[in-house]
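J.: To start, I am sharing the structure in question, which I have written as structure tokens.
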Amino acid sequence: MKNLFLTIFSLVFIAGILTITTGFKTETVQKEVNPENLLTIPDSVNKVLKDKCFDCHHSGSESMKAKMKLKLDKLPTLSKRKLISKLDGIAESVEEKDMPPEKFLKKYPEHALTDDESKILIDWANNAADELMK
Amino acid sequence: MIRKVLIIVVVIFVIIQFIPSGRPDNNPVPGKDLLDMVDASDDVVAILKSACYDCHSQQVTYPWYSYVAPVSFLVSRDVREGREHLDFGLWGDLSKRKQIKALDEISEEVEAGEMPMKIYPIMHPDAKLTDAQRQQIIDWCEISADRLFE
């Protein structure tokens, strides 16, 4: 009986920790706000980035290559020049279907972008980059 | 036995000389080259010419061994792929936004030591960049990119 109670308690505890950490992870995209406010990420865009891109493209990612190219959690802290470059890169790589990588999608097909999601990302990245060019 | 193998190797070597390597030609367009459009110090020009322009431009100089197969296949591929990623000879065809991205990516790759490719300085010792030279390129990229939206 005591064992059962302990098991349930630890399961709830682990579940709680998982919820907190994953919840935290998914929110970081939006949380770091640039003091100059060069970039706003609408909720619709944030959701796609969070669901489909963030797992590889964040500071703590295991993929060296992915985080060298783009760290989404740092996006709002970048200089204007860097932001234009990264936004152009997002639009281009999604448009040319270089991202998410084909090889990666074979293993994790749930990370594929729908046509709607691609359009949301491309339109946002293009407009935001053009806005910064003005 | 050794003689036979040698003969086969020589025969293969001779035969592959007849396979076209598809070496890309140079087609420079006056006024469109990066150095016609972007200010750069003599030092930076020298680095770009010796460390980048042999793949990423329309001013590729092909050394004698790049005419000999199988090296010719490798050189041709590198120039083709290099130009596909970035061709300084067609700088003028890029939008300002793409130019900013190109400059930003140059600075990132030069800083990370990804460019020039490790194999390149073996035959081109001038392309082996010192830390100071890398920094010169990074600074030049940042200044040049910032000028494009100011």
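Just so we're on the same page: first chain in the structure tokens is A, next is B, and so on; residues restart at 1 for each chain, and ligands are numbered from 1 in the order they show up.
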Can you list every residue of chain B that has an atom at most 10 Å from chain A, with its nearest atom pair and the distance in Å to one decimal, using only C-alpha atoms, ordered by chain then number, as CSV?

T.:
residue,atom,partner,partner_atom,distance
B:Lys96,CA,A:Met133,CA,8.5
B:Arg97,CA,A:Ile84,CA,7.0
B:Lys98,CA,A:Asp88,CA,7.4
B:Gln99,CA,A:Ser85,CA,8.9
B:Ile100,CA,A:Ser85,CA,6.2
B:Lys101,CA,A:Ser85,CA,4.1
B:Ala102,CA,A:Ser85,CA,7.8
B:Leu103,CA,A:Ser85,CA,8.7
B:Asp104,CA,A:Ser85,CA,6.5
B:Glu105,CA,A:Ser85,CA,7.9
B:Glu108,CA,A:Met68,CA,8.8
B:Glu109,CA,A:Met68,CA,9.8
B:Ala112,CA,A:Met68,CA,9.2
B:Glu142,CA,A:Arg81,CA,8.0
B:Ile143,CA,A:Arg81,CA,9.9
B:Ala145,CA,A:Arg81,CA,6.7
B:Asp146,CA,A:Arg81,CA,6.4
B:Arg147,CA,A:Arg81,CA,9.8
B:Leu148,CA,A:Met133,CA,8.4
B:Phe149,CA,A:Met133,CA,5.5
B:Glu150,CA,A:Met133,CA,8.5

J.: For the residues in the current selection, export N, CA and C atoms as a PDB file, in the first residue's frame.

T.:
ATOM      1  N   LYS B  96      19.105  43.959 -52.173  1.00  0.00           N
ATOM      2  CA  LYS B  96      19.856  44.448 -51.008  1.00  0.00           C
ATOM      3  C   LYS B  96      19.735  43.491 -49.839  1.00  0.00           C
ATOM      4  N   ARG B  97      18.527  42.931 -49.704  1.00  0.00           N
ATOM      5  CA  ARG B  97      18.285  42.001 -48.605  1.00  0.00           C
ATOM      6  C   ARG B  97      19.167  40.763 -48.725  1.00  0.00           C
ATOM      7  N   LYS B  98      19.260  40.239 -49.942  1.00  0.00           N
ATOM      8  CA  LYS B  98      20.095  39.046 -50.160  1.00  0.00           C
ATOM      9  C   LYS B  98      21.575  39.385 -49.968  1.00  0.00           C
ATOM     10  N   GLN B  99      21.941  40.626 -50.332  1.00  0.00           N
ATOM     11  CA  GLN B  99      23.337  41.030 -50.129  1.00  0.00           C
ATOM     12  C   GLN B  99      23.668  41.074 -48.639  1.00  0.00           C
ATOM     13  N   ILE B 100      22.721  41.592 -47.848  1.00  0.00           N
ATOM     14  CA  ILE B 100      22.939  41.630 -46.391  1.00  0.00           C
ATOM     15  C   ILE B 100      23.089  40.212 -45.852  1.00  0.00           C
ATOM     16  N   LYS B 101      22.218  39.320 -46.320  1.00  0.00           N
ATOM     17  CA  LYS B 101      22.315  37.940 -45.837  1.00  0.00           C
ATOM     18  C   LYS B 101      23.645  37.310 -46.252  1.00  0.00           C
ATOM     19  N   ALA B 102      24.041  37.549 -47.503  1.00  0.00           N
ATOM     20  CA  ALA B 102      25.309  36.970 -47.968  1.00  0.00           C
ATOM     21  C   ALA B 102      26.462  37.456 -47.090  1.00  0.00           C
ATOM     22  N   LEU B 103      26.510  38.765 -46.820  1.00  0.00           N
ATOM     23  CA  LEU B 103      27.597  39.315 -45.998  1.00  0.00           C
ATOM     24  C   LEU B 103      27.563  38.725 -44.584  1.00  0.00           C
ATOM     25  N   ASP B 104      26.347  38.575 -44.054  1.00  0.00           N
ATOM     26  CA  ASP B 104      26.221  38.010 -42.706  1.00  0.00           C
ATOM     27  C   ASP B 104      26.707  36.560 -42.689  1.00  0.00           C
ATOM     28  N   GLU B 105      26.348  35.812 -43.726  1.00  0.00           N
ATOM     29  CA  GLU B 105      26.766  34.411 -43.765  1.00  0.00           C
ATOM     30  C   GLU B 105      28.264  34.266 -44.007  1.00  0.00           C
ATOM     31  N   GLU B 108      29.831  34.745 -40.656  1.00  0.00           N
ATOM     32  CA  GLU B 108      29.628  33.573 -39.790  1.00  0.00           C
ATOM     33  C   GLU B 108      30.539  32.418 -40.182  1.00  0.00           C
ATOM     34  N   GLU B 109      30.616  32.154 -41.487  1.00  0.00           N
ATOM     35  CA  GLU B 109      31.383  30.985 -41.926  1.00  0.00           C
ATOM     36  C   GLU B 109      32.877  31.213 -41.796  1.00  0.00           C
ATOM     37  N   ALA B 112      33.637  30.859 -38.086  1.00  0.00           N
ATOM     38  CA  ALA B 112      33.602  29.470 -37.634  1.00  0.00           C
ATOM     39  C   ALA B 112      34.696  28.627 -38.288  1.00  0.00           C
ATOM     40  N   GLU B 142      30.417  43.324 -41.671  1.00  0.00           N
ATOM     41  CA  GLU B 142      29.462  44.024 -40.816  1.00  0.00           C
ATOM     42  C   GLU B 142      29.260  45.473 -41.275  1.00  0.00           C
ATOM     43  N   ILE B 143      30.375  46.142 -41.563  1.00  0.00           N
ATOM     44  CA  ILE B 143      30.280  47.542 -42.013  1.00  0.00           C
ATOM     45  C   ILE B 143      29.514  47.616 -43.335  1.00  0.00           C
ATOM     46  N   ALA B 145      27.380  45.513 -44.672  1.00  0.00           N
ATOM     47  CA  ALA B 145      25.961  45.154 -44.542  1.00  0.00           C
ATOM     48  C   ALA B 145      25.184  46.309 -43.918  1.00  0.00           C
ATOM     49  N   ASP B 146      25.745  46.902 -42.874  1.00  0.00           N
ATOM     50  CA  ASP B 146      25.038  48.012 -42.212  1.00  0.00           C
ATOM     51  C   ASP B 146      24.821  49.177 -43.171  1.00  0.00           C
ATOM     52  N   ARG B 147      25.765  49.395 -44.091  1.00  0.00           N
ATOM     53  CA  ARG B 147      25.611  50.488 -45.066  1.00  0.00           C
ATOM     54  C   ARG B 147      24.402  50.276 -45.974  1.00  0.00           C
ATOM     55  N   LEU B 148      24.001  49.010 -46.149  1.00  0.00           N
ATOM     56  CA  LEU B 148      22.942  48.707 -47.110  1.00  0.00           C
ATOM     57  C   LEU B 148      21.549  49.086 -46.616  1.00  0.00           C
ATOM     58  N   PHE B 149      21.385  49.260 -45.312  1.00  0.00           N
ATOM     59  CA  PHE B 149      20.043  49.703 -44.889  1.00  0.00           C
ATOM     60  C   PHE B 149      20.065  51.049 -44.185  1.00  0.00           C
ATOM     61  N   GLU B 150      21.228  51.697 -44.172  1.00  0.00           N
ATOM     62  CA  GLU B 150      21.276  52.987 -43.491  1.00  0.00           C
ATOM     63  C   GLU B 150      20.860  54.113 -44.429  1.00  0.00           C
TER      64      GLU B 150
END

J.: Using only C-alpha atoms, which protein or nucleic acid residues come within 10 Å of Gly31 of chain B? Drop anything in the same chain fewer than 4 positions from it, and give the result as a ChimeraX atom specification.

T.: /B:35-37,89-92

J.: Keeping only N, CA and C atoms, take the residues you just selected and write them out as a PDB file, in the first residue's frame.

T.:
ATOM      1  N   LEU B  35      33.356  43.649 -56.094  1.00  0.00           N
ATOM      2  CA  LEU B  35      34.379  44.676 -55.896  1.00  0.00           C
ATOM      3  C   LEU B  35      34.129  45.918 -56.750  1.00  0.00           C
ATOM      4  N   ASP B  36      33.217  45.820 -57.730  1.00  0.00           N
ATOM      5  CA  ASP B  36      32.786  47.022 -58.456  1.00  0.00           C
ATOM      6  C   ASP B  36      31.747  47.797 -57.649  1.00  0.00           C
ATOM      7  N   MET B  37      31.131  47.118 -56.685  1.00  0.00           N
ATOM      8  CA  MET B  37      29.980  47.712 -56.015  1.00  0.00           C
ATOM      9  C   MET B  37      30.182  48.030 -54.540  1.00  0.00           C
ATOM     10  N   GLY B  89      30.682  37.444 -58.687  1.00  0.00           N
ATOM     11  CA  GLY B  89      30.628  38.015 -60.031  1.00  0.00           C
ATOM     12  C   GLY B  89      29.236  38.495 -60.407  1.00  0.00           C
ATOM     13  N   LEU B  90      28.209  37.969 -59.712  1.00  0.00           N
ATOM     14  CA  LEU B  90      26.833  38.370 -60.012  1.00  0.00           C
ATOM     15  C   LEU B  90      26.216  39.098 -58.820  1.00  0.00           C
ATOM     16  N   TRP B  91      27.080  39.763 -58.061  1.00  0.00           N
ATOM     17  CA  TRP B  91      26.637  40.469 -56.848  1.00  0.00           C
ATOM     18  C   TRP B  91      25.503  41.443 -57.163  1.00  0.00           C
ATOM     19  N   GLY B  92      25.614  42.108 -58.296  1.00  0.00           N
ATOM     20  CA  GLY B  92      24.632  43.116 -58.680  1.00  0.00           C
ATOM     21  C   GLY B  92      23.247  42.553 -58.947  1.00  0.00           C
TER      22      GLY B  92
END

J.: Env of segment 100-109 of chain A: 12 Å cut, atoms = only C-alpha atoms, seq-sep filter 2 positions within chain, self excluded. Answer as an MDAnalysis selection string.

T.: chainID A and resid 48:49 51:57 63 66 90 92:98 111:114 118

J.: Using only C-alpha atoms, please write the residues we just selected to a file, as an mmCIF file, in the first residue's frame.

T.:
data_model
loop_
_atom_site.group_PDB
_atom_site.id
_atom_site.type_symbol
_atom_site.label_atom_id
_atom_site.label_comp_id
_atom_site.auth_asym_id
_atom_site.auth_seq_id
_atom_site.Cartn_x
_atom_site.Cartn_y
_atom_site.Cartn_z
ATOM 1 C CA VAL A 48 4.426 27.116 -36.039
ATOM 2 C CA LEU A 49 7.973 28.009 -34.937
ATOM 3 C CA ASP A 51 5.813 23.178 -32.954
ATOM 4 C CA LYS A 52 7.953 22.632 -36.029
ATOM 5 C CA CYS A 53 11.303 24.440 -35.741
ATOM 6 C CA PHE A 54 12.186 25.079 -32.125
ATOM 7 C CA ASP A 55 13.247 21.527 -31.216
ATOM 8 C CA CYS A 56 16.422 21.866 -33.306
ATOM 9 C CA HIS A 57 16.798 25.644 -33.579
ATOM 10 C CA SER A 63 22.351 19.790 -33.294
ATOM 11 C CA ALA A 66 21.037 23.778 -36.538
ATOM 12 C CA ILE A 90 13.814 31.440 -42.871
ATOM 13 C CA GLU A 92 14.156 31.156 -48.360
ATOM 14 C CA SER A 93 14.721 27.789 -46.727
ATOM 15 C CA VAL A 94 11.014 27.175 -46.124
ATOM 16 C CA GLU A 95 10.123 28.344 -49.623
ATOM 17 C CA GLU A 96 12.698 26.059 -51.238
ATOM 18 C CA LYS A 97 11.658 23.245 -48.917
ATOM 19 C CA ASP A 98 15.189 22.916 -47.557
ATOM 20 C CA HIS A 111 7.349 17.997 -37.967
ATOM 21 C CA ALA A 112 6.426 18.490 -41.633
ATOM 22 C CA LEU A 113 4.962 21.910 -42.428
ATOM 23 C CA THR A 114 1.486 22.041 -43.900
ATOM 24 C CA SER A 118 4.668 27.306 -44.704
#

J.: Report, in Å to a single decimal, how far apart atom CA of Gln133 of chain B and atom CA of Tyr62 of chain B are.

T.: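 Here the two named atoms are 24.2 Å from each other.
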
J.: If you run DSSP on this backbone, which residues of segment 81-134 of chain B come out as alpha helix (DSSP H), and could you give them as an mmCIF file with C-alpha atoms, in the first residue's frame?

T.:
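That gives us result.cif:
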data_model
loop_
_atom_site.group_PDB
_atom_site.id
_atom_site.type_symbol
_atom_site.label_atom_id
_atom_site.label_comp_id
_atom_site.auth_asym_id
_atom_site.auth_seq_id
_atom_site.Cartn_x
_atom_site.Cartn_y
_atom_site.Cartn_z
ATOM 1 C CA GLU B 81 28.762 24.447 -56.015
ATOM 2 C CA GLY B 82 30.630 27.506 -54.775
ATOM 3 C CA ARG B 83 28.959 29.735 -57.351
ATOM 4 C CA GLU B 84 25.584 28.191 -56.605
ATOM 5 C CA HIS B 85 25.874 29.273 -52.974
ATOM 6 C CA LYS B 96 19.856 44.448 -51.008
ATOM 7 C CA ARG B 97 18.285 42.001 -48.605
ATOM 8 C CA LYS B 98 20.095 39.046 -50.160
ATOM 9 C CA GLN B 99 23.337 41.030 -50.129
ATOM 10 C CA ILE B 100 22.939 41.630 -46.391
ATOM 11 C CA LYS B 101 22.315 37.940 -45.837
ATOM 12 C CA ALA B 102 25.309 36.970 -47.968
ATOM 13 C CA LEU B 103 27.597 39.315 -45.998
ATOM 14 C CA ASP B 104 26.221 38.010 -42.706
ATOM 15 C CA GLU B 105 26.766 34.411 -43.765
ATOM 16 C CA ILE B 106 30.290 35.167 -44.975
ATOM 17 C CA SER B 107 31.159 36.588 -41.568
ATOM 18 C CA GLU B 108 29.628 33.573 -39.790
ATOM 19 C CA GLU B 109 31.383 30.985 -41.926
ATOM 20 C CA VAL B 110 34.739 32.749 -41.878
ATOM 21 C CA GLU B 111 34.486 33.148 -38.104
ATOM 22 C CA TYR B 120 41.809 24.663 -50.366
ATOM 23 C CA PRO B 121 44.893 26.179 -48.642
ATOM 24 C CA ILE B 122 46.866 22.963 -49.223
ATOM 25 C CA MET B 123 47.525 24.050 -52.797
ATOM 26 C CA ASP B 131 43.009 35.215 -37.066
ATOM 27 C CA ALA B 132 43.697 38.869 -37.875
ATOM 28 C CA GLN B 133 42.708 38.337 -41.504
ATOM 29 C CA ARG B 134 39.518 36.547 -40.462
#

J.: Work out how far atom CA of Ala125 of chain A is from atom CA of Thr40 of chain A, in Å to one decimal.

T.: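 Interatomic distance, atom CA of Thr40 of chain A to atom CA of Ala125 of chain A: 10.7 Å.
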
J.: How many Å separate atom CA of Ser66 of chain B from atom CA of Tyr53 of chain B?

T.: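 Separating atom CA of Ser66 of chain B from atom CA of Tyr53 of chain B is a distance of 15.6 Å.
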
J.: Neighbours of Cys55 of chain B within 12 Å (only C-alpha atoms; same-chain residues fewer than 2 positions away dropped), as a CSV table (one decimal) with C-alpha atoms, in the first residue's frame?

T.:
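Wrote it out as result-v8.csv, contents follow:
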chain,number,residue,atom,x,y,z
B,23,ARG,CA,34.6,23.0,-65.9
B,24,PRO,CA,32.5,26.1,-65.6
B,25,ASP,CA,33.6,29.1,-67.8
B,26,ASN,CA,34.2,32.6,-66.5
B,48,LEU,CA,38.9,37.9,-51.1
B,49,LYS,CA,40.9,37.4,-54.3
B,50,SER,CA,43.2,34.8,-52.8
B,51,ALA,CA,40.8,33.0,-50.5
B,52,CYS,CA,37.3,33.3,-52.1
B,53,TYR,CA,37.4,34.3,-55.8
B,57,SER,CA,33.3,34.4,-58.7
B,58,GLN,CA,33.5,34.8,-62.5
B,59,GLN,CA,37.3,35.3,-62.2
B,60,VAL,CA,38.3,31.7,-61.4
B,61,THR,CA,42.0,31.0,-62.2
B,62,TYR,CA,42.4,27.3,-63.0
B,74,LEU,CA,36.8,17.8,-58.0
B,75,VAL,CA,37.7,21.4,-59.0
B,76,SER,CA,34.8,21.7,-61.4
B,77,ARG,CA,32.4,20.5,-58.8
B,78,ASP,CA,33.7,22.9,-56.2
B,79,VAL,CA,33.5,25.9,-58.5
B,80,ARG,CA,30.0,24.9,-59.6
B,81,GLU,CA,28.8,24.4,-56.0
B,82,GLY,CA,30.6,27.5,-54.8
B,83,ARG,CA,29.0,29.7,-57.4
B,84,GLU,CA,25.6,28.2,-56.6
B,85,HIS,CA,25.9,29.3,-53.0
B,86,LEU,CA,27.4,32.6,-53.7
B,87,ASP,CA,28.8,34.2,-56.9
B,88,PHE,CA,30.6,37.5,-56.3
B,89,GLY,CA,30.6,38.0,-60.0
B,115,MET,CA,35.4,28.9,-45.3
B,116,PRO,CA,37.8,28.7,-47.0
B,117,MET,CA,37.3,25.0,-47.2
B,120,TYR,CA,41.8,24.7,-50.4
